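*Asks:* Before anything else, here's the structure in question.
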Amino acid sequence: MTADVAVLGVGMHPWGKWGRGFSEYGAMAARAALADAGLQWRDIGSIVGADTVRGGYPGYVAGATFAKALGWQGARVTSVYAACASGAQAVATARAQILAGLTDVVLVVGADAAPKGFFRPAGGDRHDDPDWLRFRLLGATNPAYFGLYARRRMAVHGDTLEDFALVKVKNAAMGALNPHARYRKRVTAEEVAASAVVADPLRLLDICATSDGGAALVLSSLEFARRRGVPRPVRIRAVSTVTPRYPSTVLDLPDIATDSAAAVDPPGETFRASIARAAYEEAGIGPEDLSLAEVYDLSTALELQWYEDLGLCGEGEGAKLLREGATSLGGRIPVNASGGLASFGEAVPAQALAQVCELTWQLRQAAGERQVSGARAGITANQGLFGHGSSVIAVR
Amino acid sequence: MSRTHTPAVSGWFTGEGDAFRLLGTRCSACASVFFPREDVHCRNPGCPGGGLEEVALSPRGRIWSYTDSRYRPPSPYVSDPELPWEPYALIAVELESERIVVLGQAVSGVTVADLAVGMEVEAVPGVLHEDAETTWTIWKWRPTGVTA
């Protein structure tokens, strides 16, 4: 088992469409996290930025961009990118620096300013870029892939459009209680059904929006936390950043085809399931030990898939788990108590950090009206384009 | 006006009519198949690496899943903003012998209402878009029960 690191502080800039630059959101989230930790920016030995591809050059060097915005103070700097999993990579980097003894305390920041409408690939004529090719050759947007997964679940597991809508209803109800969420209105299944189809069978309210937002964490060694008078901090016990294993046989963004299993049998578990398994193994706990989960509900149907990939229920039983109320507030294992992407929209490099913010508030029993009572252990799960696993387990 | 027919992507498909085939590559050492083609290294981590030879993929497969694009995709997808958007279906097709799933657009006229998971489809030549000089060609999936 890997040693724990402490979450000393968390902070977020509210999600929305604010029309300003990502560095402003990141710096505001960073200041909030520092204040939450009771630390000054000058106390920080290292800053890790989760990059955005939408901010030009400053977005590719996010660590330095945030450090400059906060005021140069000489900290070690790192910038990482792993699409939707960038935040988890940033946490993994910070943790490794702390556990290696390079520094006692690290500021982790991610922020994005998203355009309206579909995400699109980097510009130029990029014939060797699978992300460019899927748009150019097929017009396959992200929601198109979400539609494929949803239809597959309907065919294989018998999920219904109403099951999908109920995920939105649940997440919107919890998001209504979260001051950092962009959408804070409850939604009915009828409203989901009445929204426009984007990528059959999914409708607008089944699919997460793209948002502006920023999130930050202050991570430290347990010894540093103790010296700061925090004997019982929320602790990060596992960070899973695994890649798929060949042959990967689930069609994933941005690929036009899966690997072929003609010569080598596929591994016994999907990539998504392997992300969670690696986290459980590192933490030495299992799904039965969890109090809550924050999963990447890019679409309503995908949330049900995560239930199964995290082992919260058996394969094909996601919709049943939802309908039993197990994943609602007050249920056995609330999922997306924050409101999830359904209530936030996606601010790519900030989103995996926002998941850890939510775990931290919940484990501190400081989540207000959306508090999961007695929360002791939580998991986050997400997956970044191009084969990036992302899962964090935190305990208290 | 006669336009030149040019593949929108080079080396991924070949042939006309019934002879149309998707093209991939196969490793001579481990027999792994790749689409889109790998021409430099075999990606099987357990393979010492062999030469990669071009192979035609099975012309028919079964629908793994399907969806459609009700809204105009962003650039670099090419569409005429002056014309009303015409949604098209996207089909992910499992080829049995290659044990691979390949995504493609459905032929025009086929909508999601015509499709079902498990239905047999075949790869056929299609048009991605046209400009003044060139008809850019692509692969499309067509249910085998449909002749249009």
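Going through the structure tokens in order, the chains are called A, B, and so on, while each chain numbers its residues from 1 and the ligands are numbered from 1 in the order shown.
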Residues at most 10 Å from Asp51 of chain A, counting only C-alpha atoms, excluding those fewer than 5 positions away in the same chain, as a list in words?
*Replies:*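 Result of the neighbour search: Tyr57, Pro58, Gly59, Tyr60, Val61, Ala62, Gly63, Thr65, Thr78, Ser79, Val80, Tyr81, Ala82, Ala83, Ser86, Gly87, Ala90, Val109, Gly110, Ala111, Asp112, Val348, Pro349 and Ala350 of chain A.
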*Asks:* Could you write out that same residue set with C-alpha atoms as a CSV table (one decimal), in the first residue's frame?
*Replies:*
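The result, written out as out_12.csv:
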chain,number,residue,atom,x,y,z
A,57,TYR,CA,-0.1,28.7,-24.8
A,58,PRO,CA,-0.9,29.7,-21.2
A,59,GLY,CA,-3.3,26.7,-21.0
A,60,TYR,CA,-0.5,24.3,-22.0
A,61,VAL,CA,1.6,25.6,-19.1
A,62,ALA,CA,-1.2,26.0,-16.6
A,63,GLY,CA,1.1,25.4,-13.6
A,65,THR,CA,0.1,30.5,-15.5
A,78,THR,CA,4.6,21.1,-13.1
A,79,SER,CA,1.9,21.2,-15.8
A,80,VAL,CA,0.1,18.0,-16.8
A,81,TYR,CA,-2.4,17.0,-19.4
A,82,ALA,CA,-4.6,14.0,-19.7
A,83,ALA,CA,-7.9,15.3,-21.1
A,86,SER,CA,-5.9,15.8,-16.1
A,87,GLY,CA,-7.0,16.6,-12.5
A,90,ALA,CA,-2.2,16.5,-11.2
A,109,VAL,CA,-5.1,23.7,-9.7
A,110,GLY,CA,-7.3,23.1,-12.8
A,111,ALA,CA,-9.5,25.5,-14.6
A,112,ASP,CA,-11.2,25.9,-18.0
A,348,VAL,CA,-12.3,19.5,-18.3
A,349,PRO,CA,-9.1,20.0,-16.2
A,350,ALA,CA,-11.0,21.1,-13.2
*Asks:* Near segment 282-287 of chain A, within 6 Å and counting only C-alpha atoms, which residues show up once chain neighbours fewer than 2 positions away are dropped, as a PyMOL selection string?
*Replies:* chain A and resi 1+237-238+279-280+289-290+311-312
*Asks:* As a PyMOL selection string, please: the residues near segment 39-46 of chain B (cut-off 12 Å, only C-alpha atoms, same-chain neighbours under 5 positions excluded).
*Replies:* (chain A and resi 244-248+259-266) or (chain B and resi 11-12+23-34+51-55)
*Asks:* Output the selection as an mmCIF file, in the first residue's frame - C-alpha atoms for each residue.
*Replies:*
data_model
loop_
_atom_site.group_PDB
_atom_site.id
_atom_site.type_symbol
_atom_site.label_atom_id
_atom_site.label_comp_id
_atom_site.auth_asym_id
_atom_site.auth_seq_id
_atom_site.Cartn_x
_atom_site.Cartn_y
_atom_site.Cartn_z
ATOM 1 C CA PRO A 244 -6.039 0.232 -20.987
ATOM 2 C CA ARG A 245 -4.688 -3.224 -21.724
ATOM 3 C CA TYR A 246 -4.466 -4.612 -25.244
ATOM 4 C CA PRO A 247 -6.776 -5.415 -26.848
ATOM 5 C CA SER A 248 -9.178 -2.730 -25.660
ATOM 6 C CA ASP A 259 -8.392 -2.941 -31.017
ATOM 7 C CA SER A 260 -8.831 -6.292 -32.713
ATOM 8 C CA ALA A 261 -9.097 -9.336 -30.469
ATOM 9 C CA ALA A 262 -8.302 -11.679 -33.372
ATOM 10 C CA ALA A 263 -4.859 -12.668 -32.082
ATOM 11 C CA VAL A 264 -5.089 -11.945 -28.348
ATOM 12 C CA ASP A 265 -8.141 -12.499 -26.151
ATOM 13 C CA PRO A 266 -9.361 -9.342 -24.432
ATOM 14 C CA GLY B 11 -5.121 3.761 -47.704
ATOM 15 C CA TRP B 12 -8.134 2.957 -45.490
ATOM 16 C CA LEU B 23 -8.171 -1.908 -45.592
ATOM 17 C CA GLY B 24 -6.215 -2.602 -42.441
ATOM 18 C CA THR B 25 -2.897 -4.206 -41.683
ATOM 19 C CA ARG B 26 -1.969 -7.516 -40.082
ATOM 20 C CA CYS B 27 1.153 -8.348 -38.099
ATOM 21 C CA SER B 28 3.087 -11.213 -39.694
ATOM 22 C CA ALA B 29 4.333 -12.367 -36.278
ATOM 23 C CA CYS B 30 1.172 -12.425 -34.121
ATOM 24 C CA ALA B 31 -1.648 -11.971 -36.686
ATOM 25 C CA SER B 32 -3.105 -8.956 -34.847
ATOM 26 C CA VAL B 33 -5.212 -6.835 -37.177
ATOM 27 C CA PHE B 34 -5.246 -3.042 -37.125
ATOM 28 C CA GLY B 51 6.122 -6.889 -40.605
ATOM 29 C CA LEU B 52 2.733 -5.301 -41.145
ATOM 30 C CA GLU B 53 0.916 -6.391 -44.278
ATOM 31 C CA GLU B 54 -2.113 -4.762 -45.831
ATOM 32 C CA VAL B 55 -5.298 -6.817 -45.516
#
*Asks:* Please return, as a short mmCIF file (atom, residue, chain, number, x, y, z; two decimals) with C-alpha atoms, in the first residue's frame, all residues of chain A lying within 7 Å of chain B when only C-alpha atoms are considered.
*Replies:*
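part-v3.cif was written with the following content:
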data_model
loop_
_atom_site.label_atom_id
_atom_site.label_comp_id
_atom_site.auth_asym_id
_atom_site.auth_seq_id
_atom_site.Cartn_x
_atom_site.Cartn_y
_atom_site.Cartn_z
CA PHE A 118 -19.61 20.76 -29.08
CA ARG A 120 -13.86 20.29 -31.23
CA PHE A 135 -14.59 14.75 -36.67
CA ARG A 136 -13.38 15.11 -40.26
CA LEU A 137 -14.30 11.65 -41.56
CA LEU A 138 -17.38 10.84 -39.47
CA GLY A 139 -18.60 14.01 -37.76
CA THR A 141 -18.92 14.37 -31.74
CA ALA A 144 -22.32 10.57 -30.62
CA GLY A 147 -25.33 7.79 -27.80
CA LEU A 148 -23.56 4.59 -28.91
CA ARG A 151 -28.03 2.35 -27.21
CA ARG A 152 -25.72 -0.56 -26.45
CA ALA A 155 -29.87 -3.57 -26.29
CA VAL A 197 -32.65 14.56 -29.19
CA VAL A 198 -28.94 15.30 -29.69
CA ALA A 199 -27.53 11.85 -30.41
CA ASP A 200 -30.18 9.15 -30.47
CA PRO A 201 -31.27 7.87 -27.95
CA TYR A 246 -4.47 -4.61 -25.24
CA LEU A 251 -15.10 1.69 -28.64
CA ILE A 256 -12.77 5.15 -35.02
CA ALA A 257 -12.31 1.46 -34.19
CA THR A 258 -11.47 -0.79 -31.25
CA ASP A 259 -8.39 -2.94 -31.02
CA SER A 260 -8.83 -6.29 -32.71
CA ALA A 261 -9.10 -9.34 -30.47
CA ALA A 262 -8.30 -11.68 -33.37
CA ALA A 263 -4.86 -12.67 -32.08
#
*Asks:* I'd like to know which of A:Phe164, A:Arg370, A:Ala194, A:Leu39 is closest to Ala225 of chain A, using only C-alpha atoms.
*Replies:*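 Checking each candidate against Ala225 of chain A, we get A:Leu39 as the closest.
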